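Visitor: I'm passing along final-v8.txt; it holds compact mmCIF, C-alpha atoms.
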```txt
# COMPACT_ATOMS: atom_id res chain seq x y z
CA MET R 1 56.47 53.63 -85.03
CA HIS R 2 53.51 52.66 -87.13
CA LEU R 3 51.45 51.89 -84.04
CA SER R 4 52.08 55.33 -82.59
CA ILE R 5 50.85 56.98 -85.76
CA ILE R 6 47.77 54.89 -85.82
CA SER R 7 47.19 55.67 -82.17
CA GLU R 8 46.76 59.34 -83.09
CA PHE R 9 43.75 58.34 -85.08
CA ARG R 10 42.51 56.26 -82.22
CA THR R 11 42.46 58.94 -79.56
CA SER R 12 40.57 61.52 -81.59
CA ASN R 13 37.15 62.79 -80.63
CA SER R 14 35.17 59.70 -81.50
CA GLU R 15 33.32 58.02 -78.69
CA ASP R 16 33.82 54.56 -80.14
CA ALA R 17 37.53 54.01 -80.09
CA ARG R 18 38.38 52.73 -83.49
CA LEU R 19 41.65 51.41 -84.63
CA MET R 20 42.53 50.98 -88.18
CA ALA R 21 44.80 48.13 -88.88
CA LEU R 22 46.03 48.74 -92.35
CA VAL R 23 47.02 45.35 -93.45
CA GLN R 24 48.92 44.24 -96.50
CA PRO R 25 49.24 40.59 -97.26
CA LEU R 26 52.48 40.28 -99.17
CA ALA R 27 53.35 37.43 -101.46
CA SER R 28 55.68 35.93 -98.85
CA GLY R 29 52.82 35.72 -96.40
CA ASN R 30 54.28 38.28 -94.01
CA VAL R 31 52.03 41.01 -92.78
CA MET R 32 53.17 44.59 -92.66
CA THR R 33 51.32 47.55 -91.40
CA ASN R 34 51.47 50.61 -93.53
CA GLY R 35 49.79 53.95 -93.26
CA SER R 36 48.41 55.61 -96.33
CA ALA R 37 46.45 58.83 -96.43
CA THR R 38 44.54 57.80 -99.53
CA ASN R 39 43.29 54.65 -97.92
CA CYS R 40 42.00 56.44 -94.87
CA SER R 41 39.63 58.52 -96.91
CA ALA R 42 37.77 55.40 -97.94
CA VAL R 43 37.01 54.33 -94.41
CA PRO R 44 33.31 54.29 -93.65
CA GLY R 45 31.62 55.43 -90.48
CA LYS R 46 31.21 58.83 -88.96
CA ALA R 47 33.77 58.16 -86.25
CA ALA R 48 36.49 57.79 -88.81
CA GLY R 49 35.12 60.83 -90.60
CA ALA R 50 35.49 62.84 -87.43
CA ALA R 51 39.03 61.56 -87.13
CA LEU R 52 39.82 62.70 -90.65
CA GLY R 53 38.25 66.08 -90.10
CA CYS R 54 40.25 66.79 -86.99
CA ASP R 55 43.50 65.18 -87.78
CA THR R 56 44.59 66.39 -91.16
CA ALA R 57 47.98 67.01 -89.64
CA ALA R 58 48.18 63.41 -88.59
CA ALA R 59 47.14 62.33 -92.09
CA GLN R 60 49.95 64.32 -93.60
CA GLN R 61 52.33 62.85 -91.13
CA LEU R 62 51.06 59.44 -92.10
CA SER R 63 51.74 59.94 -95.79
CA SER R 64 55.22 61.23 -95.09
CA ASP R 65 55.80 58.25 -92.90
CA THR R 66 54.85 56.05 -95.82
CA GLN R 67 57.57 57.69 -97.86
CA GLN R 68 60.12 57.16 -95.12
CA ALA R 69 58.99 53.64 -94.54
CA ALA R 70 59.27 52.91 -98.24
CA ASP R 71 62.75 54.31 -98.22
CA HIS R 72 63.90 52.43 -95.17
CA LYS R 73 62.69 49.06 -96.22
CA SER R 74 64.66 46.78 -98.47
CA GLY R 75 64.57 47.73 -102.09
CA ALA R 76 62.54 44.92 -103.59
CA ALA R 77 59.80 45.02 -100.99
CA ALA R 78 59.52 48.80 -101.15
CA ALA R 79 59.31 48.73 -104.90
CA GLY R 80 56.61 46.09 -104.64
CA GLU R 81 54.55 48.19 -102.22
CA ALA R 82 54.88 51.55 -103.83
CA GLU R 83 54.38 50.58 -107.43
CA GLU R 84 52.28 47.51 -107.76
CA ALA R 85 50.05 48.37 -104.72
CA PRO R 86 49.03 44.80 -103.82
CA VAL R 87 45.70 43.94 -102.20
CA GLU R 88 45.68 46.53 -99.42
CA GLU R 89 42.88 45.80 -97.02
CA GLU R 90 41.83 47.99 -94.20
CA VAL R 91 39.83 46.70 -91.28
CA ASP R 92 38.21 48.74 -88.56
CA ILE R 93 38.85 47.38 -85.12
CA THR R 94 36.25 48.48 -82.59
CA ILE R 95 37.21 48.26 -78.96
CA ASN R 96 34.08 47.19 -77.14
CA ASN R 97 35.17 46.61 -73.61
CA VAL R 98 38.19 47.59 -71.56
CA VAL R 99 38.42 46.16 -68.07
CA CYS R 100 40.83 47.65 -65.59
CA SER R 101 41.63 47.04 -61.97
CA PHE R 102 43.21 49.16 -59.25
CA SER R 103 43.38 49.55 -55.52
CA VAL R 104 42.67 52.45 -53.18
CA ARG R 105 44.73 50.89 -50.42
CA CYS R 106 42.21 51.36 -47.65
CA HIS R 107 39.44 49.26 -46.27
CA LEU R 108 36.04 50.25 -47.62
CA ASP R 109 32.94 50.03 -45.50
CA LEU R 110 30.58 48.75 -48.17
CA ARG R 111 27.48 49.38 -46.10
CA TYR R 112 28.46 52.99 -45.52
CA ILE R 113 29.11 53.48 -49.23
CA ALA R 114 25.81 51.84 -50.08
CA MET R 115 23.85 54.05 -47.71
CA ASN R 116 25.59 57.33 -48.47
CA GLY R 117 26.88 57.00 -52.01
CA ASP R 118 25.11 58.00 -55.20
CA ASN R 119 24.33 55.61 -58.01
CA VAL R 120 25.32 52.55 -56.01
CA GLU R 121 23.92 49.08 -55.64
CA TYR R 122 24.92 46.73 -52.86
CA ARG R 123 23.89 43.14 -53.04
CA ARG R 124 25.16 41.17 -50.12
CA GLU R 125 25.25 37.89 -51.99
CA ASN R 126 27.97 39.33 -54.28
CA GLY R 127 29.85 41.06 -51.48
CA MET R 128 30.57 44.14 -53.57
CA VAL R 129 29.22 47.61 -54.25
CA THR R 130 28.51 48.46 -57.88
CA MET R 131 28.74 52.11 -58.83
CA LYS R 132 27.95 53.37 -62.31
CA LEU R 133 29.45 56.46 -63.83
CA ARG R 134 27.84 58.33 -66.69
CA LYS R 135 30.94 59.81 -68.25
CA PRO R 136 32.94 57.84 -69.18
CA TYR R 137 30.25 55.19 -69.05
CA THR R 138 31.51 52.50 -66.74
CA THR R 139 30.54 50.16 -63.95
CA ALA R 140 32.90 50.11 -60.99
CA SER R 141 32.80 47.11 -58.66
CA MET R 142 34.28 47.76 -55.24
CA TRP R 143 35.27 45.27 -52.65
CA SER R 144 35.80 45.89 -48.99
CA SER R 145 39.52 45.21 -49.38
CA GLY R 146 39.82 48.40 -51.43
CA LYS R 147 40.19 46.65 -54.77
CA ILE R 148 38.09 48.15 -57.53
CA THR R 149 37.38 46.90 -61.05
CA CYS R 150 36.03 49.15 -63.82
CA THR R 151 34.34 47.57 -66.80
CA GLY R 152 32.52 48.68 -69.91
CA LEU R 153 35.00 51.31 -71.10
CA THR R 154 35.94 51.91 -74.67
CA SER R 155 39.59 52.89 -74.48
CA GLU R 156 42.64 52.70 -72.25
CA PRO R 157 42.91 56.43 -71.44
CA ALA R 158 39.20 56.45 -70.63
CA ALA R 159 39.87 53.59 -68.24
CA LYS R 160 42.45 55.65 -66.39
CA VAL R 161 40.10 58.62 -66.22
CA ALA R 162 37.23 56.51 -64.95
CA ALA R 163 39.40 54.83 -62.32
CA ARG R 164 40.64 58.16 -61.05
CA ARG R 165 37.11 59.50 -60.99
CA VAL R 166 35.94 56.64 -58.82
CA ALA R 167 38.86 57.04 -56.44
CA ARG R 168 38.26 60.79 -56.29
CA TYR R 169 34.59 60.24 -55.50
CA LEU R 170 35.51 58.02 -52.59
CA GLN R 171 38.01 60.56 -51.38
CA LYS R 172 35.89 63.65 -51.73
CA ARG R 173 32.34 62.59 -51.00
CA LEU R 174 32.86 59.71 -48.64
CA ASN R 175 36.05 60.95 -46.97
CA TYR R 176 38.26 57.94 -47.45
CA GLN R 177 42.04 58.30 -47.36
CA THR R 178 42.47 56.84 -50.82
CA ARG R 179 45.70 56.22 -52.68
CA PHE R 180 45.52 55.37 -56.35
CA CYS R 181 47.60 52.21 -56.72
CA ASN R 182 48.26 49.29 -59.03
CA PHE R 183 46.25 50.51 -61.96
CA ARG R 184 46.41 48.00 -64.78
CA VAL R 185 44.26 47.19 -67.78
CA VAL R 186 43.28 43.60 -67.35
CA ASN R 187 41.35 42.77 -70.46
CA VAL R 188 40.41 44.38 -73.74
CA LEU R 189 37.70 43.10 -76.05
CA GLY R 190 37.85 44.17 -79.66
CA THR R 191 35.82 43.17 -82.68
CA CYS R 192 36.42 43.54 -86.34
CA THR R 193 34.85 42.35 -89.55
CA MET R 194 36.85 41.07 -92.45
CA PRO R 195 35.65 42.17 -95.87
CA PHE R 196 35.24 38.54 -96.80
CA ALA R 197 33.66 35.41 -95.38
CA ILE R 198 35.84 32.64 -93.98
CA LYS R 199 35.84 28.91 -94.46
CA ILE R 200 36.27 28.12 -90.80
CA ALA R 201 36.18 24.35 -91.11
CA ASP R 202 39.28 24.31 -93.33
CA PHE R 203 40.87 27.07 -91.28
CA SER R 204 40.52 25.12 -88.06
CA GLN R 205 41.90 22.00 -89.69
CA LYS R 206 45.04 23.76 -90.80
CA TYR R 207 45.92 24.90 -87.25
CA PRO R 208 44.84 21.99 -85.10
CA ARG R 209 46.88 22.98 -82.08
CA LEU R 210 46.02 26.66 -82.05
CA ALA R 211 42.41 26.51 -83.20
CA CYS R 212 39.48 24.84 -81.51
CA TYR R 213 36.28 24.36 -83.47
CA GLU R 214 33.29 22.58 -81.98
CA PRO R 215 30.32 23.53 -84.13
CA GLU R 216 27.92 21.85 -81.74
CA LEU R 217 29.09 24.07 -78.89
CA HIS R 218 29.84 27.40 -80.52
CA PRO R 219 29.61 28.59 -84.10
CA GLY R 220 33.08 30.17 -84.09
CA VAL R 221 36.64 28.93 -84.05
CA THR R 222 38.56 29.73 -80.87
CA PHE R 223 42.08 30.64 -81.92
CA ARG R 224 44.70 31.35 -79.29
CA ILE R 225 47.86 33.32 -79.97
CA LYS R 226 50.27 32.57 -77.16
CA GLU R 227 52.64 35.35 -78.15
CA PHE R 228 50.12 38.13 -77.51
CA LYS R 229 48.13 36.17 -74.95
CA ALA R 230 45.14 36.79 -77.16
CA THR R 231 42.07 34.66 -77.74
CA LEU R 232 40.29 35.21 -81.00
CA LYS R 233 36.92 33.93 -82.04
CA VAL R 234 36.67 33.62 -85.79
CA PHE R 235 33.24 33.33 -87.33
CA SER R 236 32.29 32.23 -90.79
CA THR R 237 30.77 35.62 -91.61
CA GLY R 238 34.21 37.15 -91.31
CA SER R 239 33.66 38.72 -87.90
CA ILE R 240 36.44 38.25 -85.42
CA THR R 241 36.38 39.07 -81.73
CA VAL R 242 39.62 39.35 -79.82
CA THR R 243 40.27 39.42 -76.11
CA ALA R 244 43.79 40.39 -75.11
CA PRO R 245 45.53 42.14 -72.25
CA SER R 246 45.91 45.46 -74.07
CA VAL R 247 44.70 47.44 -77.04
CA ALA R 248 48.05 47.10 -78.75
CA ALA R 249 47.89 43.34 -78.34
CA VAL R 250 44.42 43.34 -79.93
CA GLN R 251 45.77 45.22 -82.90
CA ARG R 252 48.77 42.93 -83.29
CA ALA R 253 46.57 39.86 -82.97
CA ILE R 254 44.32 41.05 -85.81
CA GLU R 255 47.34 41.81 -87.94
CA HIS R 256 48.74 38.38 -87.15
CA ILE R 257 45.59 36.52 -88.02
CA PHE R 258 44.76 38.43 -91.16
CA PRO R 259 46.98 36.46 -93.54
CA LEU R 260 46.04 33.20 -91.86
CA VAL R 261 42.39 33.90 -92.42
CA ASN R 262 42.91 35.49 -95.81
CA GLU R 263 44.04 32.14 -97.09
CA PHE R 264 40.57 30.76 -96.45
CA ARG R 265 38.60 33.65 -97.74
CA LYS R 266 35.31 33.08 -99.40
CA GLU R 267 33.61 35.88 -101.24
CA ARG R 268 30.35 36.94 -99.71
CA THR R 269 27.07 36.27 -101.42
CA ALA R 270 24.57 39.06 -101.94
CA ALA R 271 22.63 37.92 -98.88
CA ASP R 272 25.75 38.14 -96.70
CA LEU R 273 26.53 41.63 -97.97
CA ALA R 274 23.01 42.76 -97.20
CA ALA R 275 23.29 41.38 -93.67
CA VAL R 276 26.61 43.14 -93.10
CA ALA R 277 25.24 46.42 -94.43
CA ALA R 278 22.22 46.12 -92.17
CA SER R 279 24.36 45.49 -89.09
CA ARG R 280 26.61 48.43 -90.02
CA ALA R 281 23.60 50.73 -90.36
CA ARG R 282 22.30 49.56 -87.02
CA ARG R 283 25.64 50.10 -85.39
CA TYR R 284 26.40 53.56 -86.75
CA GLY R 285 22.80 54.71 -86.77
CA SER R 286 22.17 54.03 -83.12
CA ARG R 287 25.60 55.23 -81.89
CA ASP R 288 25.93 52.07 -79.89
CA SER R 289 29.20 50.19 -79.98
CA SER R 290 27.94 47.04 -78.32
CA GLU R 291 27.61 43.54 -79.64
CA SER R 292 25.39 44.20 -82.66
CA ASP R 293 28.08 42.77 -84.90
CA LEU R 294 27.88 39.44 -83.17
CA ASP R 295 24.17 39.16 -83.91
CA ASP R 296 25.08 38.29 -87.45
CA ASP R 297 27.23 35.37 -86.59
CA ASP R 298 24.63 32.86 -85.61
CA SER R 299 22.63 33.43 -88.75
CA ASP R 300 25.23 32.06 -91.09
CA ILE R 301 26.61 28.73 -90.08
CA ASP R 302 28.15 26.72 -92.81
CA MET W 303 4.95 39.78 -42.26
CA ALA W 304 4.68 42.98 -44.31
CA HIS W 305 7.47 45.52 -44.17
CA GLN W 306 7.02 48.68 -42.16
CA LEU W 307 7.40 50.90 -45.17
CA TYR W 308 4.00 52.51 -44.89
CA ARG W 309 4.42 53.80 -41.35
CA ASN W 310 6.27 56.76 -42.82
CA THR W 311 3.18 58.10 -44.60
CA THR W 312 0.59 60.67 -43.64
CA ILE W 313 -1.83 58.01 -42.54
CA GLY W 314 0.90 56.05 -40.75
CA HIS W 315 2.04 59.14 -38.87
CA CYS W 316 -1.54 59.97 -37.86
CA LEU W 317 -1.96 56.46 -36.50
CA GLN W 318 1.29 56.62 -34.59
CA GLU W 319 0.43 59.98 -33.10
CA SER W 320 -3.00 58.72 -32.02
CA LEU W 321 -1.46 55.66 -30.42
CA ASP W 322 1.12 57.79 -28.63
CA GLU W 323 -1.64 60.01 -27.27
CA LEU W 324 -3.57 57.04 -25.97
CA MET W 325 -0.44 55.60 -24.39
CA GLN W 326 0.25 58.95 -22.73
CA TYR W 327 -3.14 58.85 -21.04
CA ASP W 328 -2.49 55.22 -20.05
CA GLN W 329 -5.49 54.10 -22.00
CA LEU W 330 -3.44 51.74 -24.13
CA PRO W 331 -0.60 49.41 -23.12
CA PRO W 332 2.53 49.79 -25.34
CA ALA W 333 2.42 46.13 -26.35
CA LEU W 334 -1.03 46.65 -27.80
CA ALA W 335 0.16 49.73 -29.66
CA MET W 336 2.87 47.59 -31.26
CA LYS W 337 0.28 45.04 -32.30
CA VAL W 338 -1.86 47.77 -33.81
CA LEU W 339 1.04 49.01 -35.89
CA LEU W 340 1.85 45.51 -37.11
CA GLN W 341 -1.79 45.01 -38.07
CA PHE W 342 -1.66 48.37 -39.84
CA ASP W 343 1.32 47.20 -41.90
CA LYS W 344 -0.54 44.12 -43.03
CA ALA W 345 -3.79 45.95 -43.66
CA ILE W 346 -2.32 48.75 -45.73
CA SER W 347 -0.25 46.36 -47.87
CA ALA W 348 -3.36 44.26 -48.56
CA ALA W 349 -5.50 47.31 -49.24
CA LEU W 350 -3.04 48.83 -51.70
CA ALA W 351 -2.59 45.51 -53.43
CA ASN W 352 -6.25 44.57 -53.71
CA ARG W 353 -8.53 47.52 -53.15
CA VAL W 354 -6.88 50.36 -55.04
CA LYS W 355 -8.00 50.52 -58.64
CA SER W 356 -6.85 53.90 -59.92
CA ARG W 357 -3.79 54.01 -62.09
CA LEU W 358 -1.34 56.86 -62.09
CA SER W 359 1.62 57.11 -64.39
CA PHE W 360 4.53 59.44 -64.10
CA LYS W 361 7.48 60.49 -66.17
CA ALA W 362 10.60 62.16 -64.92
CA GLY W 363 12.98 64.48 -66.67
CA LYS W 364 16.05 62.94 -65.08
CA LEU W 365 17.01 60.21 -62.67
CA ASN W 366 19.54 62.00 -60.53
CA THR W 367 20.66 59.17 -58.31
CA TYR W 368 19.70 55.64 -57.49
CA ARG W 369 20.64 53.46 -54.57
CA PHE W 370 20.05 49.83 -53.77
CA CYS W 371 20.91 48.55 -50.31
CA ASP W 372 19.21 45.95 -48.11
CA ASN W 373 16.72 45.29 -50.89
CA VAL W 374 15.48 48.87 -50.77
CA TRP W 375 15.58 51.05 -53.86
CA THR W 376 15.90 54.79 -53.31
CA LEU W 377 15.44 56.89 -56.43
CA LEU W 378 15.80 60.63 -56.74
CA LEU W 379 14.10 62.16 -59.76
CA THR W 380 13.71 65.71 -61.04
CA GLY W 381 11.13 67.27 -63.29
CA VAL W 382 8.38 64.74 -62.61
CA GLU W 383 4.96 64.86 -64.25
CA PHE W 384 2.08 62.74 -62.98
CA LYS W 385 -0.65 61.87 -65.39
CA GLU W 386 -4.06 60.41 -64.58
CA VAL W 387 -6.27 60.82 -67.65
CA GLN W 388 -5.91 64.59 -67.33
CA ASP W 389 -2.60 66.13 -66.28
CA VAL W 390 -2.70 66.00 -62.47
CA ALA W 391 0.51 67.22 -60.87
CA LYS W 392 4.07 68.26 -61.34
CA ALA W 393 6.95 67.98 -58.95
CA ASP W 394 10.38 69.53 -59.16
CA ARG W 395 12.07 66.84 -57.11
CA MET W 396 10.78 63.47 -56.11
CA LYS W 397 12.14 60.70 -53.90
CA ILE W 398 10.93 57.15 -54.32
CA VAL W 399 11.59 54.53 -51.66
CA ALA W 400 10.63 51.12 -52.95
CA MET W 401 10.77 47.65 -51.48
CA ASP W 402 10.11 44.25 -52.96
CA GLY W 403 6.40 43.50 -52.78
CA ARG W 404 6.89 39.77 -52.55
CA ALA W 405 9.74 39.68 -50.04
CA GLN W 406 9.39 39.14 -46.31
CA VAL W 407 10.93 41.25 -43.58
```
Starting from the file, lay out its structure as structure tokens.

Guide:
Amino acid sequence: MHLSIISEFRTSNSEDARLMALVQPLASGNVMTNGSATNCSAVPGKAAGAALGCDTAAAQQLSSDTQQAADHKSGAAAAGEAEEAPVEEEVDITINNVVCSFSVRCHLDLRYIAMNGDNVEYRRENGMVTMKLRKPYTTASMWSSGKITCTGLTSEPAAKVAARRVARYLQKRLNYQTRFCNFRVVNVLGTCTMPFAIKIADFSQKYPRLACYEPELHPGVTFRIKEFKATLKVFSTGSITVTAPSVAAVQRAIEHIFPLVNEFRKERTAADLAAVAASRARRYGSRDSSESDLDDDDSDID
Amino acid sequence: MAHQLYRNTTIGHCLQESLDELMQYDQLPPALAMKVLLQFDKAISAALANRVKSRLSFKAGKLNTYRFCDNVWTLLLTGVEFKEVQDVAKADRMKIVAMDGRAQV
């Protein structure tokens, strides 16, 4: 139920799909997601601002849901949440890349597409035609078997739209008898930044089987969550990147790892804060939801 | 072995027409005409690479479509402005066919 409410925020008019995982580390170490209208107003970034502007109805729904949630939960926990308001952190999850795959169920003559299609590249050494769409911005790779992969999208509904657009282009302009089949989102890449730095050496030592930390190879800890089939890379600056099979899995993975990482929090120095602020300004200023966040990570290796 | 890209130019067409005329009057065997065209391909590539000094830059309003197949780039642009020191020319629509200068046929 909580996820569906949060999804209303996600599918608003912002180009960068942003999720907000509202995370509460309770004393018992369990993580619960909770929606709170007051918290949302503190979220930075113009995308979230647009969400707030458009979705006041959703915000009201969210606060009422908090009341219901507080009522439904067991008495002690609800009392704890409502009254003492423990450390309630909110992290913005940015979905950077959604990869989807589908089939048009007919053989594609790649040479014909390359000669007669628009915005296509055909390199024989790869054996596939690459077509780029402007809106939603995506790169579609087509094979002669009729299988097509779309990459570079920022949300799951956009992936569906892009896939259908590609199939429609083949049908209309190139006169193929296409059938839209087997659409599935294969991979989702999300990034988020914790409001604190992380002591990754100690963190990786606590979870030796789940975490893999080779500082000579890569500056981040590779943490795998088998349950969500997610792979997280945890960096000492507090940035975390997640790859998982769906957007919901990305969200759950972040929620799962938050208390684990919270245990090893390390408050940021003034230099770290300045670096984070600079990367934020770069990201929101240039309207570019690509890997600017990851640029920070190599600069701070403990 | 230069590519035969430049045969589809004003000068290339003039050459081909002249050769066809000579062949029509049996003054030139077809094999020789072929050799002339091949020599033309080499000569024009060398001339453009080495003997042309003027620089022209252009800027387009929009790249409508692009295509890359068989190592040939085809670009369709609109709202193109050519500049050579003073503003020289404008074109509503422009098609660029480009091949790799270093590659062989």

Visitor: Could you tell me how far atom CA of R:Thr237 sits from atom CA of R:Met194, in Å to one decimal place?

Guide: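 According to the coordinates, atom CA of R:Met194 and atom CA of R:Thr237 are separated by 8.2 Å.
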
Visitor: Between W:Gln388, W:Thr367, W:Thr376, W:Thr312, which one has atoms that come closest to chain R, using all atoms listed in the file?

Guide: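 Of all the options, W:Thr367 lies closest to chain R.
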
Visitor: At a cut-off of 9 Å, list the chain W residues touching chain R, using all atoms listed in the file, as a PDB file with C-alpha atoms, in the coordinates of the input.

Guide:
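Final output, iface_37.pdb:
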```pdb
ATOM      1  CA  ASN W 366      19.540  62.000 -60.530  1.00  0.00           C
ATOM      2  CA  THR W 367      20.660  59.170 -58.310  1.00  0.00           C
ATOM      3  CA  TYR W 368      19.700  55.640 -57.490  1.00  0.00           C
ATOM      4  CA  ARG W 369      20.640  53.460 -54.570  1.00  0.00           C
ATOM      5  CA  PHE W 370      20.050  49.830 -53.770  1.00  0.00           C
ATOM      6  CA  CYS W 371      20.910  48.550 -50.310  1.00  0.00           C
ATOM      7  CA  ASP W 372      19.210  45.950 -48.110  1.00  0.00           C
ATOM      8  CA  ASN W 373      16.720  45.290 -50.890  1.00  0.00           C
ATOM      9  CA  TRP W 375      15.580  51.050 -53.860  1.00  0.00           C
TER      10      TRP W 375
END
```

Visitor: Report, in Å with one decimal, the straight-line distance from atom CA of R:Ile93 to atom CA of R:Pro245.

Guide: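 Between atom CA of R:Ile93 and atom CA of R:Pro245 the gap works out to 15.4 Å.
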
Visitor: Given only C-alpha atoms as the basis, pick out the residue of W:Ala345, W:Ala391, W:Leu307, W:Ala362 nearest to W:Leu379.

Guide: W:Ala362

Visitor: Could you list, as a list in words, every residue within 6 Å of stretch 221-234 of chain R, counting only C-alpha atoms and ignoring same-chain residues fewer than 4 positions away?

Guide: Leu210, Ala211, Cys212, Tyr213, Ile240, Thr241, Val242, Thr243, Ala244 and Ala249 of chain R

Visitor: For stretch 133-136 of chain R, list every protein, DNA or RNA residue within 8 Å, evaluated using only C-alpha atoms, and leave out those in the same chain fewer than 2 positions away; present the list as a list in words.

Guide: Asn119, Met131, Thr138, Thr139, Ala140, Leu153, Ala158, Val161 and Ala162 of chain R

Visitor: Can you spit out the residues from that selection as a compact mmCIF listing (two decimals), in the frame of the given file, using C-alpha atoms?

Guide:
```
# COMPACT_ATOMS: atom_id res chain seq x y z
CA ASN R 119 24.33 55.61 -58.01
CA MET R 131 28.74 52.11 -58.83
CA THR R 138 31.51 52.50 -66.74
CA THR R 139 30.54 50.16 -63.95
CA ALA R 140 32.90 50.11 -60.99
CA LEU R 153 35.00 51.31 -71.10
CA ALA R 158 39.20 56.45 -70.63
CA VAL R 161 40.10 58.62 -66.22
CA ALA R 162 37.23 56.51 -64.95
```

Visitor: So the first atom is atom CA of R:Val104 and the second is atom CA of R:Arg173; what is the distance between them in Å, to one decimal place?

Guide: 14.6 Å

Visitor: Could you give me, as a PDB file with C-alpha atoms, in the frame of the given file, the residues within 12 Å of W:Ala348, counting all atoms listed in the file and dropping anything in the same chain fewer than 3 positions from it?

Guide:
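around20.pdb, freshly written:
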```pdb
ATOM      1  CA  MET W 303       4.950  39.780 -42.260  1.00  0.00           C
ATOM      2  CA  ALA W 304       4.680  42.980 -44.310  1.00  0.00           C
ATOM      3  CA  HIS W 305       7.470  45.520 -44.170  1.00  0.00           C
ATOM      4  CA  TYR W 308       4.000  52.510 -44.890  1.00  0.00           C
ATOM      5  CA  GLN W 341      -1.790  45.010 -38.070  1.00  0.00           C
ATOM      6  CA  PHE W 342      -1.660  48.370 -39.840  1.00  0.00           C
ATOM      7  CA  ASP W 343       1.320  47.200 -41.900  1.00  0.00           C
ATOM      8  CA  LYS W 344      -0.540  44.120 -43.030  1.00  0.00           C
ATOM      9  CA  ALA W 345      -3.790  45.950 -43.660  1.00  0.00           C
ATOM     10  CA  ALA W 351      -2.590  45.510 -53.430  1.00  0.00           C
ATOM     11  CA  ASN W 352      -6.250  44.570 -53.710  1.00  0.00           C
ATOM     12  CA  ARG W 353      -8.530  47.520 -53.150  1.00  0.00           C
ATOM     13  CA  VAL W 354      -6.880  50.360 -55.040  1.00  0.00           C
ATOM     14  CA  GLY W 403       6.400  43.500 -52.780  1.00  0.00           C
ATOM     15  CA  ARG W 404       6.890  39.770 -52.550  1.00  0.00           C
TER      16      ARG W 404
END
```

Visitor: Just checking: using only C-alpha atoms, which residue out of W:Leu330, W:Leu324, W:Ile346, W:Leu358 ends up closest to W:Arg309?

Guide: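 Smallest distance to W:Arg309 is found for W:Ile346.
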
Visitor: Here is a test: counting all atoms listed in the file, which residue of W:Met336, W:Ile398, W:Val390, W:Val382 is nearest to W:Phe360?

Guide: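 Closest residue, counting all atoms listed in the file: W:Val382.
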
Visitor: Of the residues R:Thr94, R:Asn182, R:Ser204, R:Thr269, which is the one nearest to R:Thr154, using only C-alpha atoms?

Guide: R:Thr94
